[in-house]
$ cat start-v2.tsv   # TSV, C-alpha atoms
chain	number	residue	atom	x	y	z
A	4	MET	CA	0.00	0.00	0.00
A	5	ALA	CA	1.51	3.33	-0.99
A	6	ALA	CA	1.95	5.72	1.91
A	7	ASP	CA	0.01	8.51	0.23
A	8	LEU	CA	-2.66	10.79	1.62
A	9	ASN	CA	-5.62	8.44	1.12
A	10	ALA	CA	-3.92	5.65	3.06
A	11	TYR	CA	-3.35	7.92	6.06
A	12	LEU	CA	-6.94	9.14	5.87
A	13	LEU	CA	-8.13	5.53	5.82
A	14	VAL	CA	-6.20	4.80	9.01
A	15	GLY	CA	-7.62	7.94	10.62
A	16	THR	CA	-11.15	6.99	9.64
A	17	VAL	CA	-10.81	3.43	10.98
A	18	LEU	CA	-9.51	4.80	14.28
A	19	PHE	CA	-12.38	7.28	14.45
A	20	VAL	CA	-15.09	4.71	13.68
A	21	CYS	CA	-13.66	2.23	16.20
A	22	GLY	CA	-13.63	4.99	18.81
A	23	VAL	CA	-17.23	5.93	18.12
A	24	ILE	CA	-18.37	2.28	18.34
A	25	CYS	CA	-16.41	1.96	21.58
A	26	MET	CA	-18.10	5.05	23.02
A	27	ALA	CA	-21.53	3.80	21.98
A	28	THR	CA	-21.39	0.16	23.05
A	29	LYS	CA	-19.08	-0.21	26.04
A	30	ARG	CA	-20.75	-0.36	29.40
A	31	ASN	CA	-17.57	0.15	31.36
A	32	GLY	CA	-16.93	3.83	31.94
A	33	ILE	CA	-13.20	3.43	31.36
A	34	GLY	CA	-14.02	1.70	28.07
A	35	VAL	CA	-15.92	4.78	26.97
A	36	LEU	CA	-12.86	6.88	27.80
A	37	MET	CA	-10.72	4.61	25.65
A	38	GLY	CA	-13.13	5.27	22.78
A	39	VAL	CA	-12.59	8.99	23.25
A	40	GLU	CA	-8.82	8.48	23.05
A	41	LEU	CA	-9.24	6.54	19.80
A	42	VAL	CA	-11.33	9.32	18.27
A	43	LEU	CA	-8.75	11.95	19.17
A	44	ASN	CA	-5.95	9.86	17.71
A	45	GLY	CA	-7.87	9.45	14.48
A	46	ALA	CA	-8.07	13.23	14.22
A	47	ASN	CA	-4.34	13.50	14.98
A	48	VAL	CA	-3.45	11.08	12.18
A	49	ASN	CA	-5.53	13.23	9.84
A	50	PHE	CA	-3.77	16.42	10.88
A	51	VAL	CA	-0.29	14.97	10.49
A	52	ALA	CA	-1.16	13.41	7.13
A	53	PHE	CA	-2.40	16.72	5.77
A	54	SER	CA	0.68	18.41	7.16
A	55	ARG	CA	2.87	15.99	5.22
A	56	HIS	CA	0.99	15.69	1.93
A	57	THR	CA	-0.55	19.12	1.30
A	58	ASP	CA	0.65	22.66	1.75
A	59	LEU	CA	-0.72	22.83	5.30
A	60	GLY	CA	2.86	22.82	6.54
A	61	LEU	CA	3.61	23.11	10.22
A	62	ASP	CA	0.06	24.08	11.24
A	63	GLY	CA	-1.15	20.48	11.20
A	64	GLN	CA	1.61	19.33	13.53
A	65	VAL	CA	1.05	22.25	15.93
A	66	PHE	CA	-2.64	21.44	16.05
A	67	SER	CA	-1.99	17.79	16.77
A	68	LEU	CA	0.32	18.81	19.64
A	69	PHE	CA	-2.50	20.88	21.08
A	70	VAL	CA	-4.86	17.92	20.67
A	71	ILE	CA	-2.45	15.67	22.58
A	72	VAL	CA	-2.14	18.12	25.47
A	73	LEU	CA	-5.88	18.76	25.70
A	74	ALA	CA	-6.62	15.03	25.51
A	75	ALA	CA	-4.33	14.42	28.47
A	76	ALA	CA	-6.13	17.09	30.50
A	77	GLU	CA	-9.52	15.72	29.52
A	78	ALA	CA	-8.53	12.15	30.37
A	79	ALA	CA	-7.43	13.21	33.85
A	80	MET	CA	-10.72	15.06	34.39
A	81	ALA	CA	-12.87	12.20	33.08
A	82	LEU	CA	-10.98	9.75	35.27
A	83	ALA	CA	-11.65	11.90	38.37
A	84	ILE	CA	-15.35	11.86	37.51
A	85	ALA	CA	-15.27	8.09	36.98
A	86	LEU	CA	-13.55	7.55	40.33
A	87	ASN	CA	-16.15	9.67	42.08
A	88	PHE	CA	-18.92	7.70	40.40
A	89	TYR	CA	-17.32	4.46	41.46
A	90	ASN	CA	-16.96	5.68	45.04
A	91	ASN	CA	-20.62	6.62	45.18
A	92	HIS	CA	-22.16	3.62	43.44
A	93	LEU	CA	-19.48	0.91	43.83
A	94	THR	CA	-19.81	0.06	40.15
A	95	ILE	CA	-18.34	1.49	36.94
A	96	ASP	CA	-21.25	0.31	34.81
A	97	VAL	CA	-22.57	3.37	32.97
A	98	ASP	CA	-26.01	1.78	32.67
A	99	ARG	CA	-26.41	2.22	36.42
A	100	ALA	CA	-26.04	5.99	36.10
A	101	ASN	CA	-29.78	6.63	35.92
A	102	LYS	CA	-30.36	8.80	38.99
A	103	LEU	CA	-31.13	11.82	36.82
A	104	LYS	CA	-33.73	9.95	34.79
A	105	GLY	CA	-36.85	12.07	34.33
B	19	MET	CA	7.50	-2.18	-2.62
B	20	SER	CA	9.75	0.44	-1.08
B	21	GLY	CA	10.82	0.44	2.52
B	22	GLU	CA	8.56	3.32	3.47
B	23	ASN	CA	5.50	1.61	1.99
B	24	PHE	CA	6.30	-1.66	3.74
B	25	LEU	CA	6.77	0.04	7.11
B	26	PHE	CA	3.61	2.05	6.57
B	27	SER	CA	1.64	-1.12	5.82
B	28	VAL	CA	2.95	-2.84	8.94
B	29	PHE	CA	2.17	0.05	11.27
B	30	ALA	CA	-1.16	0.85	9.65
B	31	LEU	CA	-2.23	-2.78	10.10
B	32	LEU	CA	-1.11	-2.69	13.74
B	33	THR	CA	-2.98	0.56	14.36
B	34	CYS	CA	-6.25	-0.50	12.73
B	35	GLY	CA	-6.05	-4.02	14.11
B	36	GLY	CA	-5.40	-2.70	17.61
B	37	ALA	CA	-8.35	-0.31	17.34
B	38	ILE	CA	-10.67	-3.12	16.18
B	39	ALA	CA	-9.34	-5.30	19.01
B	40	VAL	CA	-10.20	-2.54	21.51
B	41	VAL	CA	-13.79	-2.65	20.31
B	42	VAL	CA	-13.99	-6.44	20.30
B	43	SER	CA	-12.29	-7.14	23.64
B	44	GLN	CA	-14.53	-8.18	26.49
B	45	THR	CA	-12.46	-7.18	29.48
B	46	VAL	CA	-11.25	-3.67	30.04
B	47	VAL	CA	-7.68	-4.73	30.83
B	48	ARG	CA	-7.31	-6.30	27.41
B	49	MET	CA	-8.78	-3.17	25.90
B	50	ALA	CA	-6.07	-1.14	27.60
B	51	PHE	CA	-3.38	-3.43	26.20
B	52	TRP	CA	-4.66	-3.19	22.64
B	53	LEU	CA	-5.00	0.57	23.01
B	54	VAL	CA	-1.31	0.75	23.94
B	55	ILE	CA	-0.45	-1.23	20.78
B	56	SER	CA	-2.66	0.99	18.65
B	57	LEU	CA	-1.33	4.29	19.96
B	58	GLY	CA	2.28	3.15	19.78
B	59	SER	CA	1.80	2.24	16.12
B	60	THR	CA	0.19	5.65	15.58
B	61	ALA	CA	3.39	7.22	16.90
B	62	ALA	CA	5.32	5.15	14.35
B	63	LEU	CA	3.01	6.48	11.63
B	64	PHE	CA	3.79	10.00	12.80
B	65	PHE	CA	7.50	9.32	12.46
B	66	LEU	CA	6.92	8.02	8.93
B	67	ALA	CA	5.03	11.22	8.05
B	68	ASN	CA	8.05	13.39	8.94
B	69	ALA	CA	6.49	14.57	12.20
B	70	ASP	CA	9.27	13.56	14.56
B	71	PHE	CA	8.37	15.81	17.44
B	72	VAL	CA	4.69	14.90	17.31
B	73	GLY	CA	5.59	11.21	17.30
B	74	ALA	CA	7.87	11.64	20.30
B	75	ALA	CA	5.18	13.68	22.10
B	76	GLN	CA	2.65	10.97	21.33
B	77	LEU	CA	4.86	8.32	22.91
B	78	LEU	CA	5.75	10.43	25.93
B	79	ILE	CA	2.41	12.05	26.73
B	80	TYR	CA	-0.20	9.76	25.27
B	81	VAL	CA	1.24	6.29	25.73
B	82	GLY	CA	3.39	7.07	28.74
B	83	GLY	CA	0.98	9.41	30.51
B	84	THR	CA	-2.64	9.23	29.49
B	85	LEU	CA	-2.76	5.48	28.96
B	86	VAL	CA	-1.00	4.81	32.27
B	87	LEU	CA	-3.62	7.05	33.88
B	88	LEU	CA	-6.35	4.96	32.22
B	89	VAL	CA	-4.77	1.75	33.51
B	90	PHE	CA	-4.74	3.25	37.01
B	91	GLY	CA	-8.41	4.03	36.53
B	92	VAL	CA	-9.05	0.44	35.51
B	93	MET	CA	-7.28	-0.75	38.64
B	94	LEU	CA	-9.15	1.61	40.98
B	95	THR	CA	-12.59	0.85	39.54
B	96	ALA	CA	-12.23	-2.89	39.30
B	97	SER	CA	-15.33	-4.90	40.02
B	98	GLY	CA	-15.40	-8.46	41.32
B	99	PRO	CA	-13.54	-11.12	39.37
B	100	TYR	CA	-16.65	-12.93	38.20
B	101	MET	CA	-18.73	-9.93	37.23
B	102	LYS	CA	-18.63	-9.27	33.53
B	103	ILE	CA	-20.21	-6.16	32.12
B	104	GLY	CA	-21.13	-6.82	28.49
B	105	THR	CA	-23.43	-5.43	25.85
B	106	SER	CA	-26.28	-7.35	24.30
B	107	ALA	CA	-25.87	-8.91	20.87
B	108	GLY	CA	-28.50	-6.69	19.27
B	109	GLU	CA	-26.77	-3.52	20.36
B	110	THR	CA	-23.44	-4.79	19.06
B	111	VAL	CA	-24.87	-5.62	15.63
B	112	VAL	CA	-26.55	-2.24	15.27
B	113	ALA	CA	-23.44	-0.40	16.39
B	114	GLY	CA	-21.28	-2.41	13.99
B	115	LEU	CA	-23.60	-1.69	11.09
B	116	ILE	CA	-23.72	2.02	11.79
B	117	GLY	CA	-19.94	2.10	12.14
B	118	LEU	CA	-19.40	0.35	8.83
B	119	LEU	CA	-21.88	2.65	7.13
B	120	PHE	CA	-20.12	5.72	8.48
B	121	LEU	CA	-16.75	4.33	7.42
B	122	PHE	CA	-18.02	3.74	3.90
B	123	VAL	CA	-19.56	7.21	3.63
B	124	VAL	CA	-16.45	9.00	4.85
B	125	LEU	CA	-14.04	6.99	2.70
B	126	SER	CA	-16.07	7.35	-0.47
B	127	SER	CA	-16.40	11.10	-0.04
B	128	VAL	CA	-12.77	11.63	0.92
B	129	SER	CA	-11.18	9.56	-1.83
B	130	GLY	CA	-12.82	11.66	-4.53
B	131	VAL	CA	-11.38	14.99	-3.40
B	132	LYS	CA	-8.43	16.47	-5.26
B	133	TRP	CA	-6.31	17.96	-2.53
B	134	ARG	CA	-3.87	20.81	-3.02
B	135	GLU	CA	-0.42	20.12	-4.33
B	136	PRO	CA	1.86	18.28	-1.92
B	137	VAL	CA	5.08	19.65	-0.55
B	138	VAL	CA	8.05	18.41	-2.59
B	139	VAL	CA	10.23	16.25	-0.37
B	140	SER	CA	13.42	15.06	-2.04
B	141	ALA	CA	15.23	11.85	-1.30
B	142	GLU	CA	18.32	13.41	0.23
B	143	ASN	CA	16.15	15.59	2.45
B	144	ILE	CA	14.55	12.52	3.92
B	145	ALA	CA	17.83	10.65	4.20
B	146	THR	CA	19.46	13.34	6.32
B	147	GLY	CA	16.33	13.81	8.40
B	148	ALA	CA	16.17	17.48	7.46
B	149	VAL	CA	12.47	17.33	6.69
B	150	GLY	CA	11.47	15.50	9.86
B	151	ASN	CA	13.57	17.72	12.09
B	152	THR	CA	10.63	19.85	13.14
B	153	LEU	CA	11.72	20.62	16.67
B	154	ARG	CA	13.21	24.04	16.05
B	155	PRO	CA	10.45	25.35	13.73
B	156	LEU	CA	7.82	24.09	16.16
B	157	GLY	CA	9.55	25.66	19.14
B	158	LEU	CA	9.94	28.97	17.36
B	159	SER	CA	6.30	28.93	16.26
B	160	PHE	CA	5.24	28.44	19.87
B	161	LEU	CA	7.25	31.57	20.70
B	162	GLY	CA	5.51	33.58	18.01
B	163	ALA	CA	7.91	33.35	15.07
B	164	ARG	CA	7.12	31.35	11.95
B	165	PRO	CA	10.43	30.39	10.32
B	166	ASP	CA	8.73	28.20	7.73
B	167	LEU	CA	6.64	30.99	6.20
B	168	SER	CA	7.67	34.07	4.28
B	169	VAL	CA	5.42	36.87	5.50
B	170	SER	CA	6.01	38.94	2.36
B	171	GLU	CA	3.73	36.75	0.25
B	172	PRO	CA	0.26	38.31	0.16
B	173	ASP	CA	-1.74	35.27	1.21
B	174	GLN	CA	0.51	34.53	4.17
B	175	ALA	CA	0.81	37.94	5.75
B	176	GLY	CA	-0.53	38.00	9.28
B	177	ARG	CA	0.06	34.30	9.94
B	178	THR	CA	1.84	34.76	13.23
B	179	GLY	CA	3.02	32.08	15.59
B	180	TYR	CA	1.17	30.24	18.31
B	181	LEU	CA	2.23	32.12	21.42
B	182	LEU	CA	-1.26	32.92	22.71
B	183	PRO	CA	-2.65	29.37	22.31
B	184	PHE	CA	0.51	28.04	23.94
B	185	GLU	CA	-0.01	30.21	27.02
B	186	ILE	CA	-3.71	29.40	27.15
B	187	VAL	CA	-3.05	25.67	26.93
B	188	SER	CA	-0.40	25.87	29.66
B	189	ILE	CA	-2.79	27.57	32.08
B	190	HIS	CA	-5.57	25.22	31.02
B	191	LEU	CA	-3.45	22.17	31.78
B	192	LEU	CA	-2.48	23.53	35.19
B	193	VAL	CA	-6.05	24.38	36.17
B	194	VAL	CA	-7.53	21.12	34.91
B	195	LEU	CA	-4.95	18.96	36.67
B	196	ILE	CA	-5.41	20.83	39.95
B	197	GLY	CA	-9.17	20.46	39.60
B	198	ALA	CA	-8.94	16.77	38.73
B	199	SER	CA	-6.69	15.94	41.66
B	200	TYR	CA	-8.99	17.84	44.02
B	201	LEU	CA	-12.00	16.04	42.61
B	202	ALA	CA	-10.33	12.65	42.95
B	203	ARG	CA	-9.15	13.15	46.53
B	204	ALA	CA	-9.65	10.33	49.02
B	205	LYS	CA	-13.14	10.38	50.45
B	206	ARG	CA	-15.11	7.98	52.56
B	207	ARG	CA	-16.36	5.23	50.29
B	208	ALA	CA	-20.12	4.62	50.25
B	209	GLU	CA	-21.35	1.63	52.25
B	210	PRO	CA	-22.55	-1.34	50.19
B	211	VAL	CA	-26.37	-1.45	50.06
B	212	ASP	CA	-26.81	-4.95	51.53
B	213	GLN	CA	-24.95	-3.98	54.68
B	214	ALA	CA	-27.28	-1.10	55.59
B	215	ALA	CA	-28.83	-1.47	58.98
$ encode --input "start-v2.tsv" --output "C-alpha cells"
Amino acid sequence: MAADLNAYLLVGTVLFVCGVICMATKRNGIGVLMGVELVLNGANVNFVAFSRHTDLGLDGQVFSLFVIVLAAAEAAMALAIALNFYNNHLTIDVDRANKLKG
Amino acid sequence: MSGENFLFSVFALLTCGGAIAVVVSQTVVRMAFWLVISLGSTAALFFLANADFVGAAQLLIYVGGTLVLLVFGVMLTASGPYMKIGTSAGETVVAGLIGLLFLFVVLSSVSGVKWREPVVVSAENIATGAVGNTLRPLGLSFLGARPDLSVSEPDQAGRTGYLLPFEIVSIHLLVVLIGASYLARAKRRAEPVDQAA
C-alpha cells in the first residue's frame, strides 16, 4: 500500500469509527474513555497526514500537539469523575447511572 | 515495494487491528493493552510522516501518561472477578452496522477529493532527516515566530506564531490537573447497600 494521503486518511477513519463504536457500546466507563482516546488519535493522524501531503505545513503538527495536550487534561478530568462515580455507586457500569432519569 | 511503503503497511495494520481489538475485547484490561499497541503504532506512523516531534510527544504524553492514567483508573474501579459487564448482541450488531456505514460514507467522499499540491520532499532531504527535524520550527512557532513561512507573500501575511494558544493551553493544563486531583481526593467510600442497617 503506498503511503500517500488516502492511506493515512483511511487509518484515521478506521480509528475514528472504532472509537465511536467503543463510546456507543461499552458499558464500562473506562471503556468509553478509551473510545474517546481513539477518536482523538484518528483526528491527529488526519492532521499529520495533511501536514505531510498538502501545503498545510507546520500548522497540522502544531494542532496535533495541542490535541495531545488537551486530551491528556480531559482524560485526567474524566478519570476523576469516573472515580467519584465508582466511590458513590461501587460500580463502573454506565447503565447504572440513571439517577437523573426524568 | 519500497521500505517506506512496507513500514507504513505494517504500522497501519497494527494501528487499525489494535483499534478493532479494543472494540472487540470483552475485558477492560485487554482493551487497555490493545490501546497501547494501537497508539504506539500511531506514533510510528507520525515518524513516517516526517512529524518527529509529534511522534515523540505521542509516545511520551499519550502512551506514557494518558494510557497509564487509564490503567490506574481500571485498577481503581475494578469490580469483582466474576462480574462481567457486556453489551447485548443486538446492540453490538446495530453499532457495527452504523460504524461500517459511516466508514463507507467517509471513505467514499474523501477519496474523490483532489487535494492541493503536496510539498516536494526530495530523497536526500529525507535521508538526512532534514524534513522531519521539526523541533526548532515548532519551538519557534510556539514563541511567536514562523520560520517556515515568508510573510512577504500576500496570502501569508498576518500568519503569526502560536504564542497565545501556547499560554492558554499551559494555564488550562495547570487548572484542569489541579481540579482533577482535588476532585479525585480520598473520600469515605459509600457503604454497600446490603450492609445497611
$ residues_around --input "start-v2.tsv" --residues "A:Ala46" --least-positions-apart "2" --cutoff "9 Å" --atoms "only C-alpha atoms" --output "ChimeraX atom specification"
/A:15-16,18-19,41-44,48-51,67,70
$ atom_distance --input "start-v2.tsv" --atom1 "atom CA of B:Thr95" --atom2 "atom CA of A:Thr94"
7.3 Å
$ closest_residue --input "start-v2.tsv" --among "A:Gly32, A:Leu8, A:Phe88, A:Ala83" --to "chain B" --atoms "all atoms listed in the file"
A:Ala83
$ closest_residue --input "start-v2.tsv" --among "A:Asn47, A:Asp7, A:Lys29, A:His56" --to "B:Thr45" --atoms "only C-alpha atoms"
A:Lys29
$ residues_around --input "start-v2.tsv" --residues "B:Leu57" --least-positions-apart "5" --cutoff "9 Å" --atoms "all atoms listed in the file" --output "list in words"
Leu41 and Asn44 of chain A; Thr33, Gly36, Ala37, Trp52, Ala62, Gln76, Leu77, Tyr80 and Val81 of chain B
$ residues_near_point --input "start-v2.tsv" --point "(-16.5, 4.1, 7.2)" --cutoff "10 Å" --atoms "all atoms listed in the file" --output "PyMOL selection string"
(chain A and resi 13+16-21) or (chain B and resi 115-126)
$ closest_residue --input "start-v2.tsv" --among "B:Ile189, B:Val111, B:Ala39, B:Ala202" --to "chain A" --atoms "only C-alpha atoms"
B:Ala202
$ residues_around --input "start-v2.tsv" --residues "A:Glu77" --least-positions-apart "6" --cutoff "10 Å" --atoms "all atoms listed in the file" --output "list of chain:residue names"
A:Leu36, A:Val39, A:Glu40, A:Ile71, A:Ala83, B:Thr84, B:Leu191, B:Val194, B:Leu195, B:Ala198
$ closest_residue --input "start-v2.tsv" --among "B:Ser20, B:Leu53, B:Val41, B:Gly179" --to "B:Leu167" --atoms "only C-alpha atoms"
B:Gly179
$ closest_residue --input "start-v2.tsv" --among "A:Met37, A:Thr57, A:Ala10, A:Gly22" --to "chain B" --atoms "only C-alpha atoms"
A:Thr57
$ atom_distance --input "start-v2.tsv" --atom1 "atom CA of B:Glu109" --atom2 "atom CA of A:Asp96"
15.9 Å
$ closest_residue --input "start-v2.tsv" --among "B:Leu201, B:Leu85, B:Leu161, B:Met93" --to "B:Leu182" --atoms "all atoms listed in the file"
B:Leu161
$ build_atoms --input "start-v2.tsv" --residues "stretch 85-103 of chain A" --atoms "N, CA and C atoms" --output "short mmCIF file (atom, residue, chain, number, x, y, z; two decimals), keeping the file's coordinate frame"
data_model
loop_
_atom_site.label_atom_id
_atom_site.label_comp_id
_atom_site.auth_asym_id
_atom_site.auth_seq_id
_atom_site.Cartn_x
_atom_site.Cartn_y
_atom_site.Cartn_z
N ALA A 85 -14.99 9.52 36.91
CA ALA A 85 -15.27 8.09 36.98
C ALA A 85 -14.96 7.54 38.37
N LEU A 86 -13.87 8.01 38.98
CA LEU A 86 -13.55 7.55 40.33
C LEU A 86 -14.60 7.99 41.34
N ASN A 87 -15.09 9.22 41.19
CA ASN A 87 -16.15 9.67 42.08
C ASN A 87 -17.41 8.85 41.91
N PHE A 88 -17.74 8.53 40.66
CA PHE A 88 -18.92 7.70 40.40
C PHE A 88 -18.76 6.32 41.02
N TYR A 89 -17.55 5.78 40.89
CA TYR A 89 -17.32 4.46 41.46
C TYR A 89 -17.39 4.50 42.97
N ASN A 90 -16.90 5.58 43.58
CA ASN A 90 -16.96 5.68 45.04
C ASN A 90 -18.39 5.81 45.52
N ASN A 91 -19.25 6.41 44.72
CA ASN A 91 -20.62 6.62 45.18
C ASN A 91 -21.51 5.42 44.90
N HIS A 92 -21.26 4.69 43.83
CA HIS A 92 -22.16 3.62 43.44
C HIS A 92 -21.51 2.25 43.50
N LEU A 93 -20.21 2.17 43.74
CA LEU A 93 -19.48 0.91 43.83
C LEU A 93 -19.57 0.09 42.56
N THR A 94 -19.84 0.73 41.43
CA THR A 94 -19.81 0.06 40.15
C THR A 94 -19.38 1.07 39.10
N ILE A 95 -18.78 0.59 38.02
CA ILE A 95 -18.34 1.49 36.94
C ILE A 95 -19.23 1.29 35.72
N ASP A 96 -20.32 0.56 35.90
CA ASP A 96 -21.25 0.31 34.81
C ASP A 96 -22.01 1.60 34.51
N VAL A 97 -21.91 2.09 33.28
CA VAL A 97 -22.57 3.37 32.97
C VAL A 97 -24.08 3.21 32.86
N ASP A 98 -24.57 1.97 32.72
CA ASP A 98 -26.01 1.78 32.67
C ASP A 98 -26.65 1.98 34.02
N ARG A 99 -25.85 1.99 35.10
CA ARG A 99 -26.41 2.22 36.42
C ARG A 99 -26.49 3.70 36.76
N ALA A 100 -26.03 4.55 35.82
CA ALA A 100 -26.04 5.99 36.10
C ALA A 100 -27.37 6.57 35.65
N ASN A 101 -28.45 6.21 36.35
CA ASN A 101 -29.78 6.63 35.92
C ASN A 101 -30.48 7.44 37.00
N LYS A 102 -29.73 8.05 37.92
CA LYS A 102 -30.36 8.80 38.99
C LYS A 102 -31.04 10.06 38.49
N LEU A 103 -30.55 10.59 37.36
CA LEU A 103 -31.13 11.82 36.82
C LEU A 103 -32.23 11.54 35.83
#
